[in-house]
Each structure stands twice: as C-alpha cells, then as structure tokens.
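For reference, final.cif is printed below; it contains mmCIF, C-alpha atoms.
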```cif
data_final
loop_
_atom_site.group_PDB
_atom_site.id
_atom_site.type_symbol
_atom_site.label_atom_id
_atom_site.label_comp_id
_atom_site.auth_asym_id
_atom_site.auth_seq_id
_atom_site.Cartn_x
_atom_site.Cartn_y
_atom_site.Cartn_z
ATOM 1 C CA MET O 147 -91.105 -9.852 36.568
ATOM 2 C CA ALA O 148 -89.699 -9.518 33.044
ATOM 3 C CA ALA O 149 -92.087 -8.536 30.269
ATOM 4 C CA VAL O 150 -92.780 -11.265 27.728
ATOM 5 C CA ARG O 151 -93.299 -10.098 24.155
ATOM 6 C CA HIS O 152 -95.389 -11.994 21.620
ATOM 7 C CA HIS O 153 -94.262 -11.878 18.004
ATOM 8 C CA TYR O 154 -95.360 -13.098 14.607
ATOM 9 C CA THR O 155 -92.987 -13.360 11.661
ATOM 10 C CA SER O 156 -92.845 -15.109 8.294
ATOM 11 C CA VAL O 157 -90.475 -18.053 7.841
ATOM 12 C CA HIS O 158 -90.364 -19.843 4.479
ATOM 13 C CA GLY O 159 -93.691 -18.199 3.695
ATOM 14 C CA HIS O 160 -95.423 -19.428 6.864
ATOM 15 C CA ARG O 161 -96.540 -17.462 9.913
ATOM 16 C CA VAL O 162 -94.433 -18.376 12.942
ATOM 17 C CA PHE O 163 -95.293 -17.226 16.440
ATOM 18 C CA TYR O 164 -92.711 -16.909 19.190
ATOM 19 C CA ARG O 165 -92.438 -15.550 22.702
ATOM 20 C CA GLU O 166 -89.401 -13.501 23.645
ATOM 21 C CA ALA O 167 -88.127 -11.933 26.838
ATOM 22 C CA GLY O 168 -84.929 -10.750 28.458
ATOM 23 C CA PRO O 169 -81.970 -8.584 27.372
ATOM 24 C CA ALA O 170 -81.037 -9.001 23.720
ATOM 25 C CA ASP O 171 -77.318 -9.104 24.591
ATOM 26 C CA ALA O 172 -77.678 -11.805 27.256
ATOM 27 C CA PRO O 173 -77.000 -15.491 26.539
ATOM 28 C CA THR O 174 -79.877 -16.941 24.523
ATOM 29 C CA ILE O 175 -81.972 -19.936 25.559
ATOM 30 C CA VAL O 176 -84.299 -21.481 22.973
ATOM 31 C CA LEU O 177 -87.258 -23.359 24.486
ATOM 32 C CA LEU O 178 -88.689 -26.112 22.274
ATOM 33 C CA HIS O 179 -92.113 -27.418 23.222
ATOM 34 C CA GLY O 180 -93.651 -30.872 22.940
ATOM 35 C CA TYR O 181 -96.910 -32.484 21.845
ATOM 36 C CA PRO O 182 -99.751 -31.547 22.090
ATOM 37 C CA THR O 183 -99.045 -28.070 23.392
ATOM 38 C CA SER O 184 -97.153 -24.972 22.260
ATOM 39 C CA SER O 185 -94.814 -22.332 23.666
ATOM 40 C CA ARG O 186 -97.640 -21.690 26.120
ATOM 41 C CA MET O 187 -96.109 -24.487 28.218
ATOM 42 C CA PHE O 188 -93.294 -22.025 29.008
ATOM 43 C CA ARG O 189 -95.580 -19.198 30.139
ATOM 44 C CA HIS O 190 -94.208 -19.345 33.715
ATOM 45 C CA LEU O 191 -90.658 -20.441 32.905
ATOM 46 C CA ILE O 192 -89.874 -17.562 30.538
ATOM 47 C CA PRO O 193 -90.224 -14.705 33.063
ATOM 48 C CA ALA O 194 -88.391 -16.793 35.676
ATOM 49 C CA LEU O 195 -85.303 -16.850 33.433
ATOM 50 C CA ALA O 196 -85.555 -13.558 31.569
ATOM 51 C CA ASP O 197 -83.843 -11.408 34.211
ATOM 52 C CA ARG O 198 -80.551 -13.032 33.204
ATOM 53 C CA TYR O 199 -81.150 -14.613 29.800
ATOM 54 C CA HIS O 200 -82.529 -13.815 26.372
ATOM 55 C CA VAL O 201 -85.338 -16.350 26.020
ATOM 56 C CA ILE O 202 -86.996 -17.370 22.748
ATOM 57 C CA ALA O 203 -89.851 -19.889 22.582
ATOM 58 C CA PRO O 204 -91.418 -20.571 19.164
ATOM 59 C CA ASP O 205 -94.545 -22.523 18.300
ATOM 60 C CA HIS O 206 -93.820 -25.311 15.822
ATOM 61 C CA LEU O 207 -95.825 -25.178 12.625
ATOM 62 C CA GLY O 208 -99.107 -26.973 13.259
ATOM 63 C CA PHE O 209 -99.222 -25.904 16.907
ATOM 64 C CA GLY O 210 -100.379 -22.925 18.948
ATOM 65 C CA GLN O 211 -100.361 -19.590 17.174
ATOM 66 C CA SER O 212 -98.096 -20.604 14.301
ATOM 67 C CA ALA O 213 -99.544 -21.405 10.891
ATOM 68 C CA THR O 214 -101.179 -24.761 10.238
ATOM 69 C CA PRO O 215 -100.739 -25.349 6.501
ATOM 70 C CA PRO O 216 -102.695 -28.439 5.442
ATOM 71 C CA ALA O 217 -100.873 -31.742 5.577
ATOM 72 C CA ASP O 218 -101.317 -32.167 1.829
ATOM 73 C CA THR O 219 -99.433 -28.899 1.137
ATOM 74 C CA PHE O 220 -96.715 -29.069 3.814
ATOM 75 C CA ASP O 221 -94.582 -32.094 4.647
ATOM 76 C CA TYR O 222 -94.956 -32.432 8.412
ATOM 77 C CA THR O 223 -91.734 -34.112 9.458
ATOM 78 C CA PHE O 224 -89.273 -33.376 12.231
ATOM 79 C CA ASP O 225 -86.755 -32.377 9.574
ATOM 80 C CA ALA O 226 -89.241 -29.792 8.293
ATOM 81 C CA LEU O 227 -89.995 -28.446 11.774
ATOM 82 C CA THR O 228 -86.251 -28.106 12.321
ATOM 83 C CA ASP O 229 -85.866 -26.256 9.015
ATOM 84 C CA VAL O 230 -88.370 -23.658 10.220
ATOM 85 C CA THR O 231 -86.798 -23.301 13.663
ATOM 86 C CA GLU O 232 -83.307 -23.001 12.196
ATOM 87 C CA ALA O 233 -84.462 -20.340 9.728
ATOM 88 C CA LEU O 234 -86.238 -18.420 12.505
ATOM 89 C CA LEU O 235 -83.069 -18.300 14.611
ATOM 90 C CA THR O 236 -81.048 -17.159 11.597
ATOM 91 C CA GLN O 237 -83.630 -14.470 10.878
ATOM 92 C CA LEU O 238 -83.403 -13.275 14.501
ATOM 93 C CA GLY O 239 -79.614 -13.185 14.356
ATOM 94 C CA VAL O 240 -79.218 -15.868 17.014
ATOM 95 C CA ARG O 241 -75.952 -17.690 16.342
ATOM 96 C CA ARG O 242 -75.184 -19.348 19.694
ATOM 97 C CA TYR O 243 -77.744 -20.580 22.167
ATOM 98 C CA ALA O 244 -78.641 -23.115 24.814
ATOM 99 C CA ILE O 245 -81.667 -25.322 24.196
ATOM 100 C CA TYR O 246 -84.400 -26.643 26.465
ATOM 101 C CA VAL O 247 -86.096 -29.642 24.875
ATOM 102 C CA GLN O 248 -89.216 -31.530 25.910
ATOM 103 C CA ASP O 249 -91.039 -34.320 24.057
ATOM 104 C CA TYR O 250 -91.320 -33.233 20.365
ATOM 105 C CA GLY O 251 -88.885 -30.428 21.099
ATOM 106 C CA ALA O 252 -86.137 -33.013 21.581
ATOM 107 C CA PRO O 253 -85.944 -34.319 17.986
ATOM 108 C CA VAL O 254 -85.992 -30.719 16.764
ATOM 109 C CA GLY O 255 -83.240 -29.743 19.200
ATOM 110 C CA TRP O 256 -81.144 -32.806 18.348
ATOM 111 C CA ARG O 257 -81.319 -31.964 14.656
ATOM 112 C CA LEU O 258 -80.284 -28.369 15.332
ATOM 113 C CA ALA O 259 -77.260 -29.627 17.266
ATOM 114 C CA LEU O 260 -76.293 -32.164 14.604
ATOM 115 C CA ARG O 261 -76.569 -29.554 11.862
ATOM 116 C CA ASN O 262 -74.507 -26.944 13.705
ATOM 117 C CA PRO O 263 -72.791 -28.369 16.797
ATOM 118 C CA ASP O 264 -70.874 -25.164 17.513
ATOM 119 C CA ALA O 265 -74.101 -23.188 17.868
ATOM 120 C CA VAL O 266 -75.367 -25.105 20.911
ATOM 121 C CA THR O 267 -73.747 -23.954 24.151
ATOM 122 C CA ALA O 268 -75.683 -26.160 26.579
ATOM 123 C CA ILE O 269 -78.702 -28.473 26.698
ATOM 124 C CA VAL O 270 -81.523 -28.898 29.191
ATOM 125 C CA SER O 271 -83.580 -32.023 28.557
ATOM 126 C CA GLN O 272 -86.882 -32.171 30.416
ATOM 127 C CA ASN O 273 -88.339 -35.539 29.472
ATOM 128 C CA GLY O 274 -86.824 -35.099 26.029
ATOM 129 C CA ASN O 275 -85.748 -38.534 24.885
ATOM 130 C CA ALA O 276 -82.473 -39.432 23.143
ATOM 131 C CA TYR O 277 -82.073 -43.170 23.852
ATOM 132 C CA ASP O 278 -84.003 -46.337 23.092
ATOM 133 C CA GLU O 279 -84.103 -47.003 26.831
ATOM 134 C CA GLY O 280 -86.471 -44.074 27.292
ATOM 135 C CA PHE O 281 -89.400 -45.445 25.310
ATOM 136 C CA VAL O 282 -92.051 -46.967 27.585
ATOM 137 C CA PRO O 283 -93.172 -49.968 25.474
ATOM 138 C CA GLU O 284 -96.866 -49.869 26.393
ATOM 139 C CA PHE O 285 -97.173 -46.261 25.229
ATOM 140 C CA TRP O 286 -95.054 -46.516 22.091
ATOM 141 C CA ALA O 287 -96.213 -49.855 20.632
ATOM 142 C CA PRO O 288 -99.191 -48.320 18.760
ATOM 143 C CA VAL O 289 -97.013 -45.445 17.509
ATOM 144 C CA TRP O 290 -94.468 -47.846 16.010
ATOM 145 C CA ALA O 291 -97.273 -49.956 14.541
ATOM 146 C CA TYR O 292 -98.808 -46.917 12.853
ATOM 147 C CA ALA O 293 -95.451 -45.710 11.552
ATOM 148 C CA GLN O 294 -94.694 -49.121 10.089
ATOM 149 C CA SER O 295 -98.111 -49.706 8.548
ATOM 150 C CA PRO O 296 -100.353 -46.615 8.450
ATOM 151 C CA GLY O 297 -103.942 -47.494 7.729
ATOM 152 C CA PRO O 298 -107.404 -47.760 9.299
ATOM 153 C CA SER O 299 -106.471 -50.540 11.740
ATOM 154 C CA THR O 300 -103.434 -48.709 13.191
ATOM 155 C CA GLU O 301 -104.824 -45.196 12.820
ATOM 156 C CA GLU O 302 -107.629 -45.761 15.321
ATOM 157 C CA ALA O 303 -105.243 -45.802 18.289
ATOM 158 C CA MET O 304 -103.514 -42.667 17.042
ATOM 159 C CA ARG O 305 -106.800 -40.851 16.732
ATOM 160 C CA GLY O 306 -107.498 -41.864 20.313
ATOM 161 C CA ALA O 307 -104.373 -39.929 21.312
ATOM 162 C CA LEU O 308 -106.064 -36.761 20.025
ATOM 163 C CA SER O 309 -108.941 -37.027 22.522
ATOM 164 C CA GLU O 310 -109.279 -34.697 25.483
ATOM 165 C CA GLU O 311 -109.053 -37.651 27.870
ATOM 166 C CA ALA O 312 -105.754 -38.787 26.348
ATOM 167 C CA ILE O 313 -104.317 -35.270 26.568
ATOM 168 C CA ARG O 314 -105.533 -34.926 30.156
ATOM 169 C CA TRP O 315 -103.722 -38.181 30.947
ATOM 170 C CA GLN O 316 -100.495 -36.769 29.513
ATOM 171 C CA TYR O 317 -100.670 -33.912 31.992
ATOM 172 C CA LEU O 318 -101.747 -35.865 35.067
ATOM 173 C CA HIS O 319 -100.200 -39.334 34.935
ATOM 174 C CA GLY O 320 -97.599 -39.830 37.627
ATOM 175 C CA VAL O 321 -98.167 -36.407 39.203
ATOM 176 C CA ALA O 322 -98.237 -36.732 42.975
ATOM 177 C CA GLU O 323 -100.334 -33.575 43.404
ATOM 178 C CA PRO O 324 -102.557 -33.409 40.309
ATOM 179 C CA GLU O 325 -104.478 -30.488 41.759
ATOM 180 C CA LEU O 326 -101.426 -28.337 40.947
ATOM 181 C CA VAL O 327 -102.010 -28.840 37.218
ATOM 182 C CA ASP O 328 -104.237 -26.204 35.642
ATOM 183 C CA PRO O 329 -107.095 -27.887 33.718
ATOM 184 C CA ASP O 330 -106.885 -25.113 31.135
ATOM 185 C CA THR O 331 -103.729 -26.840 29.870
ATOM 186 C CA TRP O 332 -105.368 -29.939 28.446
ATOM 187 C CA ALA O 333 -108.609 -28.156 27.565
ATOM 188 C CA THR O 334 -106.732 -25.561 25.495
ATOM 189 C CA ASP O 335 -104.486 -28.135 23.841
ATOM 190 C CA HIS O 336 -107.478 -30.264 22.898
ATOM 191 C CA HIS O 337 -109.330 -27.274 21.502
ATOM 192 C CA GLU O 338 -106.347 -26.321 19.341
ATOM 193 C CA ILE O 339 -105.640 -29.754 17.894
ATOM 194 C CA SER O 340 -109.367 -30.208 17.192
ATOM 195 C CA ARG O 341 -109.298 -27.434 14.593
ATOM 196 C CA PRO O 342 -110.161 -28.590 11.044
ATOM 197 C CA GLY O 343 -107.261 -30.382 9.404
ATOM 198 C CA LEU O 344 -105.149 -30.658 12.555
ATOM 199 C CA ASP O 345 -105.849 -34.387 12.827
ATOM 200 C CA ARG O 346 -103.995 -35.049 9.570
ATOM 201 C CA ILE O 347 -101.091 -32.877 10.738
ATOM 202 C CA GLN O 348 -100.749 -34.770 14.000
ATOM 203 C CA LEU O 349 -101.061 -38.138 12.275
ATOM 204 C CA ALA O 350 -98.236 -37.163 9.929
ATOM 205 C CA LEU O 351 -95.995 -36.322 12.881
ATOM 206 C CA PHE O 352 -96.953 -39.532 14.707
ATOM 207 C CA GLN O 353 -95.875 -41.428 11.625
ATOM 208 C CA ASP O 354 -92.626 -39.493 11.243
ATOM 209 C CA TYR O 355 -91.613 -40.019 14.874
ATOM 210 C CA ALA O 356 -90.066 -43.294 13.717
ATOM 211 C CA SER O 357 -87.417 -41.198 11.930
ATOM 212 C CA ASN O 358 -85.948 -40.149 15.285
ATOM 213 C CA PRO O 359 -84.381 -43.319 16.794
ATOM 214 C CA PRO O 360 -82.246 -43.910 13.664
ATOM 215 C CA LEU O 361 -80.602 -40.535 14.397
ATOM 216 C CA TYR O 362 -79.580 -41.595 17.894
ATOM 217 C CA PRO O 363 -76.184 -43.112 16.989
ATOM 218 C CA ARG O 364 -75.121 -39.824 15.361
ATOM 219 C CA LEU O 365 -76.510 -37.928 18.330
ATOM 220 C CA HIS O 366 -74.593 -40.080 20.802
ATOM 221 C CA GLU O 367 -71.393 -39.512 18.832
ATOM 222 C CA TYR O 368 -72.076 -35.769 19.031
ATOM 223 C CA PHE O 369 -72.483 -36.057 22.789
ATOM 224 C CA ARG O 370 -69.236 -38.000 23.139
ATOM 225 C CA SER O 371 -67.189 -35.736 20.896
ATOM 226 C CA SER O 372 -68.534 -32.406 22.157
ATOM 227 C CA GLN O 373 -69.164 -33.185 25.829
ATOM 228 C CA VAL O 374 -71.773 -30.443 25.602
ATOM 229 C CA PRO O 375 -72.954 -29.351 29.080
ATOM 230 C CA LEU O 376 -76.203 -31.154 29.844
ATOM 231 C CA LEU O 377 -78.846 -30.885 32.539
ATOM 232 C CA VAL O 378 -81.418 -33.682 32.579
ATOM 233 C CA ILE O 379 -84.391 -32.644 34.717
ATOM 234 C CA TRP O 380 -86.958 -35.430 34.377
ATOM 235 C CA GLY O 381 -90.351 -36.270 35.821
ATOM 236 C CA ALA O 382 -89.532 -39.631 37.373
ATOM 237 C CA GLU O 383 -93.070 -41.002 36.956
ATOM 238 C CA ASP O 384 -93.388 -40.238 33.249
ATOM 239 C CA GLU O 385 -95.045 -43.206 31.510
ATOM 240 C CA ILE O 386 -94.152 -41.930 28.040
ATOM 241 C CA PHE O 387 -90.421 -41.388 28.420
ATOM 242 C CA GLY O 388 -89.301 -43.448 31.389
ATOM 243 C CA SER O 389 -86.515 -42.696 33.834
ATOM 244 C CA ASP O 390 -84.151 -45.118 32.088
ATOM 245 C CA GLY O 391 -84.085 -42.596 29.267
ATOM 246 C CA ALA O 392 -82.829 -39.940 31.667
ATOM 247 C CA ARG O 393 -80.114 -42.165 33.102
ATOM 248 C CA ALA O 394 -78.948 -43.212 29.635
ATOM 249 C CA PHE O 395 -77.452 -39.781 28.919
ATOM 250 C CA ALA O 396 -74.636 -40.643 31.339
ATOM 251 C CA LYS O 397 -73.350 -43.280 28.904
ATOM 252 C CA ASP O 398 -72.106 -40.576 26.539
ATOM 253 C CA LEU O 399 -72.010 -37.540 28.830
ATOM 254 C CA PRO O 400 -70.590 -38.802 32.133
ATOM 255 C CA ASN O 401 -70.514 -35.284 33.576
ATOM 256 C CA ALA O 402 -74.203 -34.670 32.880
ATOM 257 C CA ASP O 403 -76.291 -33.382 35.763
ATOM 258 C CA ILE O 404 -79.163 -35.891 35.903
ATOM 259 C CA GLN O 405 -82.034 -35.114 38.275
ATOM 260 C CA LEU O 406 -85.082 -37.368 38.548
ATOM 261 C CA VAL O 407 -87.954 -35.451 40.135
ATOM 262 C CA SER O 408 -90.121 -37.698 42.296
ATOM 263 C CA GLY O 409 -93.853 -37.122 41.909
ATOM 264 C CA GLY O 410 -93.383 -35.450 38.539
ATOM 265 C CA GLY O 411 -94.765 -36.625 35.211
ATOM 266 C CA HIS O 412 -94.413 -35.695 31.559
ATOM 267 C CA PHE O 413 -95.179 -31.970 31.876
ATOM 268 C CA LEU O 414 -92.950 -31.198 34.822
ATOM 269 C CA LEU O 415 -93.324 -27.414 34.565
ATOM 270 C CA GLU O 416 -96.980 -27.692 35.555
ATOM 271 C CA SER O 417 -96.293 -29.304 38.936
ATOM 272 C CA HIS O 418 -92.615 -28.609 39.756
ATOM 273 C CA LEU O 419 -91.851 -25.214 38.232
ATOM 274 C CA ASP O 420 -89.680 -24.024 41.119
ATOM 275 C CA THR O 421 -87.607 -27.211 41.029
ATOM 276 C CA VAL O 422 -86.944 -26.809 37.309
ATOM 277 C CA VAL O 423 -86.183 -23.103 37.576
ATOM 278 C CA GLY O 424 -83.730 -23.644 40.410
ATOM 279 C CA ALA O 425 -81.929 -26.419 38.573
ATOM 280 C CA MET O 426 -81.788 -24.436 35.339
ATOM 281 C CA ARG O 427 -80.518 -21.227 36.873
ATOM 282 C CA GLY O 428 -77.718 -23.072 38.644
ATOM 283 C CA PHE O 429 -76.790 -25.078 35.569
ATOM 284 C CA LEU O 430 -76.961 -22.199 33.105
ATOM 285 C CA GLY O 431 -75.053 -19.923 35.458
ATOM 286 C CA GLN O 432 -72.155 -22.372 35.350
ATOM 287 C CA ASN O 433 -72.319 -23.139 31.632
ATOM 288 C CA THR O 434 -73.200 -19.953 29.757
ATOM 289 C CA SER O 435 -71.239 -16.743 29.429
ATOM 290 C CA GLU O 436 -72.568 -13.557 30.955
ATOM 291 C CA ARG O 437 -73.057 -11.902 27.578
ATOM 292 C CA ALA O 438 -73.612 -13.301 24.108
#
```

Rewrite the coordinates I just gave you, this time as structure tokens.
Amino acid sequence: MAAVRHHYTSVHGHRVFYREAGPADAPTIVLLHGYPTSSRMFRHLIPALADRYHVIAPDHLGFGQSATPPADTFDYTFDALTDVTEALLTQLGVRRYAIYVQDYGAPVGWRLALRNPDAVTAIVSQNGNAYDEGFVPEFWAPVWAYAQSPGPSTEEAMRGALSEEAIRWQYLHGVAEPELVDPDTWATDHHEISRPGLDRIQLALFQDYASNPPLYPRLHEYFRSSQVPLLVIWGAEDEIFGSDGARAFAKDLPNADIQLVSGGGHFLLESHLDTVVGAMRGFLGQNTSERA
C-alpha cells in the first residue's frame, strides 16, 4: 500500500493542508472534496490509486486541517476557493492533471477547467453536479431561498443543515447497507464544522452556491468544445444530486462513461469504494498518459 504524506503549506497567506501520494512523475489526479467533509473522504481512495498515479487532495479553506479565517476577513465564495486551489497547484508545479469532483468539489473543479481548459486531462464526477437536472427540489429549495433572501427566516433551515443529524443523513440516505458507513465520518465532520466561527463560513458558502448554476452554460460549451474524457460514477439513490444530473452529462459529452451505482448515496466512497476504484482505474488507464 502506497504511503500517504500529509503536508501543510502557505497559499495567499493562509495555511493549506493537502494529502499526497504516488510517484511525482506519474500522471496527477487532483481530488476535490465536498461539504461537510475534507480530504479525509479520500483516505481509502488515495492509496488505491497511488501505485500508478500522483494523487493530491487538498482541504478547502474552512474545512479539515486547512485554515479557517473568519468570514468577516475572508470572502468565502467558490471563486475564492478556486483561487486557493489554483495557486496551490501552481506552487506544486502541477500543470496538467485529471480531477475527481464531488459535491462542493465540482464548482471548484469546473472553475479550474474554465480558467485553464488545457490543464485538465480527464474528469471523474462522483455526484458532482453540472446541470440543473441534478438538483433535487426538496433539498435545494431552502438553499435557493437563503441565497435569494438571507435573513433570520431563511437562515434557520441552513443552520439545521449544520446539525449532526443532518450530516448523518447526508452519509446514510439511499445507502442499501448503511452499516458499511463508518459513524466516525459524520461525527468528525460535525465536530469540525462546530468550531467557533465555522457556522458563518458555511452560511457564506450556502449563500454563494447560487453562483454556480449561472456558470453551467459556459461549462457545457467547454464540454462540447473539448470533449474532455469523463467518467460519471454516481450514487443512484442520492437525494441531493439526483440521477438525472448524472445522465445529463451525455447531452454535451456523448462519449462519457456514465455509471449509476445502485444502493449508493451521496458519499459513494464510504459504501462502494471497490466499485469506484475499479471504474477509475479502468477509465484513467485509458485516458491518461503513463508519465506526466
């Protein structure tokens, strides 16, 4: 099993944590995590890929081991998170890479691709939305309401999303064998986002999520013009980003490999790691060069 190294560095004056494994001269894969977790969600995936690939998995600012500057001193937007990720990759000398995106990692990954299309060699989307069809209305209605009119009446539902029960639901909903999901996942995530000041950080990102759908037309044009290799590996029972969001990629990338995993939910790596690893190794083997 490949050794995983844990690094801290400074990016734009902020501490950024990232996990790294694999040969430095192998093709690079950048793993971009979602809410409410961190690069810890890739703790099993990284060593499963690192025999053949150079794997980098950062924590976004406000998550995990990266810095959490207060929301009144740092503008928590998906543009800002992308700025930090882009600067980290530049600092590490990573010029071409595949991306794995999930949940919040998707809008960061999409911005990276739109800023520098030639840098992205391939994309793996694991419940990382890119189409209006993917939004499950019952889940997203309070998010859109808060983004449109932030205030006490709309904030209450968003604060509910920070509870341990809500985070537990994110991990377990739709999972056919919930006993496979380690309870430390939601307990750790809840502990981390309950740190002082983290509520304001998460509320800022909830509000800014509305900036993502307006980018979709540009993103779809990028898909059509680049025909970037794409693997969609999607928990079919996700009640946050529904399966229609997975199928929608075929509109612009007709050669995309779209796999809906029955009995899988939002955090597919927790219940179907082997399925994801097998799909990724086959896909990346066909769509990345042997050496960077």

Open item on the list: Under the PyMOL selection byres ((chain O and resi 167) around 9), which residues of this model are included? Write them out as a count of residues only.
Closed with: 19

Task: Polymer residues at most 10 Å from Ala194 of chain O, all atoms listed in the file, same-chain spacing of 5 or more positions, as JSON, numbers by chain - done: {"O": [147, 148, 188, 189, 199, 419, 420, 423, 424, 427]}

Keeping only C-alpha atoms, take the residues you just selected and write them out as a PDB file, in the coordinates of the input.
```
ATOM      1  CA  MET O 147     -91.105  -9.852  36.568  1.00  0.00           C
ATOM      2  CA  ALA O 148     -89.699  -9.518  33.044  1.00  0.00           C
ATOM      3  CA  PHE O 188     -93.294 -22.025  29.008  1.00  0.00           C
ATOM      4  CA  ARG O 189     -95.580 -19.198  30.139  1.00  0.00           C
ATOM      5  CA  TYR O 199     -81.150 -14.613  29.800  1.00  0.00           C
ATOM      6  CA  LEU O 419     -91.851 -25.214  38.232  1.00  0.00           C
ATOM      7  CA  ASP O 420     -89.680 -24.024  41.119  1.00  0.00           C
ATOM      8  CA  VAL O 423     -86.183 -23.103  37.576  1.00  0.00           C
ATOM      9  CA  GLY O 424     -83.730 -23.644  40.410  1.00  0.00           C
ATOM     10  CA  ARG O 427     -80.518 -21.227  36.873  1.00  0.00           C
TER      11      ARG O 427
END
```

Compile a residue-level contact table for segment 183-285 of chain O against segment 336-341 of chain O at a cut-off of 10 Å, reporting for every qualifying residue the shortest atom pair and its distance in Å to one decimal, with all atoms listed in the file counted, rows ordered by chain and ascending number, as a Markdown table.
```
| residue | atom | partner | partner_atom | distance |
| --- | --- | --- | --- | --- |
| O:Thr183 | CA | O:Glu338 | CA | 8.5 |
| O:Ser184 | CA | O:Glu338 | CA | 9.7 |
| O:Gly208 | CA | O:Ile339 | CA | 8.5 |
| O:Phe209 | CA | O:Glu338 | CA | 7.5 |
| O:Gly210 | CA | O:Glu338 | CA | 6.9 |
| O:Gln211 | CA | O:Glu338 | CA | 9.3 |
| O:Thr214 | CA | O:Arg341 | CA | 9.6 |
```

TODO: Considering all atoms listed in the file, state which residue in the set O:Gly180, O:Gly431, O:Gly409, O:Gly159 is at the smallest distance from Gly255 of chain O.
DONE: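 Of the candidates, the smallest distance to Gly255 of chain O is held by O:Gly180.
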
Name the residues captured by the PyMOL selection byres ((chain O and resi 246-251) around 7) when it is applied to the shown file; answer as a short mmCIF file (atom, residue, chain, number, x, y, z; two decimals) with C-alpha atoms, keeping the file's coordinate frame.
```
data_model
loop_
_atom_site.label_atom_id
_atom_site.label_comp_id
_atom_site.auth_asym_id
_atom_site.auth_seq_id
_atom_site.Cartn_x
_atom_site.Cartn_y
_atom_site.Cartn_z
CA VAL O 176 -84.30 -21.48 22.97
CA LEU O 177 -87.26 -23.36 24.49
CA LEU O 178 -88.69 -26.11 22.27
CA HIS O 179 -92.11 -27.42 23.22
CA GLY O 180 -93.65 -30.87 22.94
CA TYR O 181 -96.91 -32.48 21.84
CA ALA O 244 -78.64 -23.12 24.81
CA ILE O 245 -81.67 -25.32 24.20
CA ALA O 252 -86.14 -33.01 21.58
CA PRO O 253 -85.94 -34.32 17.99
CA VAL O 254 -85.99 -30.72 16.76
CA GLY O 255 -83.24 -29.74 19.20
CA ILE O 269 -78.70 -28.47 26.70
CA VAL O 270 -81.52 -28.90 29.19
CA SER O 271 -83.58 -32.02 28.56
CA GLN O 272 -86.88 -32.17 30.42
CA ASN O 273 -88.34 -35.54 29.47
CA GLY O 274 -86.82 -35.10 26.03
CA ASN O 275 -85.75 -38.53 24.88
#
```

TODO: Excluding Ser417 of chain O and residues on its chain fewer than 3 positions from it, collect all residues at most 10 Å away from it, counting all atoms listed in the file, and give them as a ChimeraX atom specification.
DONE: /O:317-318,321-328,381,409-414,420-422

- [ ] Would you work out the distance separating atom CA of Ser299 of chain O from atom CA of Pro283 of chain O, expressed in Å to one decimal?
- [x]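 Interatomic distance, atom CA of Ser299 of chain O to atom CA of Pro283 of chain O: 19.1 Å.
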
- [ ] In Å, rounded to a single decimal, give me how far atom CA of Tyr277 of chain O is from atom CA of Tyr362 of chain O.
- [x]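 Atom-to-atom, atom CA of Tyr362 of chain O to atom CA of Tyr277 of chain O, that is 6.6 Å.
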
- [ ] Would you mind telling me which residue in O:Ala350, O:Leu191, O:Ala293, O:Ala303 lies nearest to Ala217 of chain O when using all atoms listed in the file?
- [x] O:Ala350

Open item on the list: What does the structure give for the distance between atom CA of Arg242 of chain O and atom CA of Phe429 of chain O, in Å to one decimal?
Closed with: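 Computed distance, atom CA of Arg242 of chain O to atom CA of Phe429 of chain O, equals 17.0 Å.
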
Hey, could you patch up segment 247-251 of chain O with all heavy atoms and hand it over as an mmCIF file, in the coordinates of the input?
```cif
data_model
loop_
_atom_site.group_PDB
_atom_site.id
_atom_site.type_symbol
_atom_site.label_atom_id
_atom_site.label_comp_id
_atom_site.auth_asym_id
_atom_site.auth_seq_id
_atom_site.Cartn_x
_atom_site.Cartn_y
_atom_site.Cartn_z
ATOM 1 N N VAL O 247 -85.286 -28.778 25.734
ATOM 2 C CA VAL O 247 -86.096 -29.642 24.875
ATOM 3 C C VAL O 247 -87.018 -30.503 25.733
ATOM 4 O O VAL O 247 -86.639 -30.985 26.792
ATOM 5 C CB VAL O 247 -85.218 -30.527 23.968
ATOM 6 C CG1 VAL O 247 -84.323 -29.667 23.085
ATOM 7 C CG2 VAL O 247 -84.370 -31.519 24.755
ATOM 8 N N GLN O 248 -88.242 -30.674 25.243
ATOM 9 C CA GLN O 248 -89.216 -31.530 25.910
ATOM 10 C C GLN O 248 -90.051 -32.226 24.845
ATOM 11 O O GLN O 248 -90.507 -31.591 23.892
ATOM 12 C CB GLN O 248 -90.122 -30.698 26.835
ATOM 13 C CG GLN O 248 -90.985 -31.511 27.798
ATOM 14 C CD GLN O 248 -92.388 -31.816 27.273
ATOM 15 O OE1 GLN O 248 -92.807 -31.279 26.258
ATOM 16 N NE2 GLN O 248 -93.112 -32.674 27.967
ATOM 17 N N ASP O 249 -90.172 -33.564 24.955
ATOM 18 C CA ASP O 249 -91.039 -34.320 24.057
ATOM 19 C C ASP O 249 -90.686 -34.023 22.596
ATOM 20 O O ASP O 249 -89.547 -34.219 22.187
ATOM 21 C CB ASP O 249 -92.502 -34.003 24.405
ATOM 22 C CG ASP O 249 -93.494 -34.921 23.727
ATOM 23 O OD1 ASP O 249 -93.738 -36.016 24.258
ATOM 24 O OD2 ASP O 249 -94.035 -34.538 22.669
ATOM 25 N N TYR O 250 -91.611 -33.522 21.766
ATOM 26 C CA TYR O 250 -91.320 -33.233 20.365
ATOM 27 C C TYR O 250 -90.177 -32.230 20.200
ATOM 28 O O TYR O 250 -89.509 -32.207 19.156
ATOM 29 C CB TYR O 250 -92.565 -32.661 19.676
ATOM 30 C CG TYR O 250 -93.541 -33.681 19.128
ATOM 31 C CD1 TYR O 250 -93.463 -35.030 19.457
ATOM 32 C CD2 TYR O 250 -94.563 -33.279 18.272
ATOM 33 C CE1 TYR O 250 -94.369 -35.944 18.958
ATOM 34 C CE2 TYR O 250 -95.478 -34.180 17.765
ATOM 35 C CZ TYR O 250 -95.387 -35.517 18.111
ATOM 36 O OH TYR O 250 -96.291 -36.420 17.610
ATOM 37 N N GLY O 251 -89.984 -31.382 21.193
ATOM 38 C CA GLY O 251 -88.885 -30.428 21.099
ATOM 39 C C GLY O 251 -87.530 -31.098 21.033
ATOM 40 O O GLY O 251 -86.579 -30.529 20.478
#
```
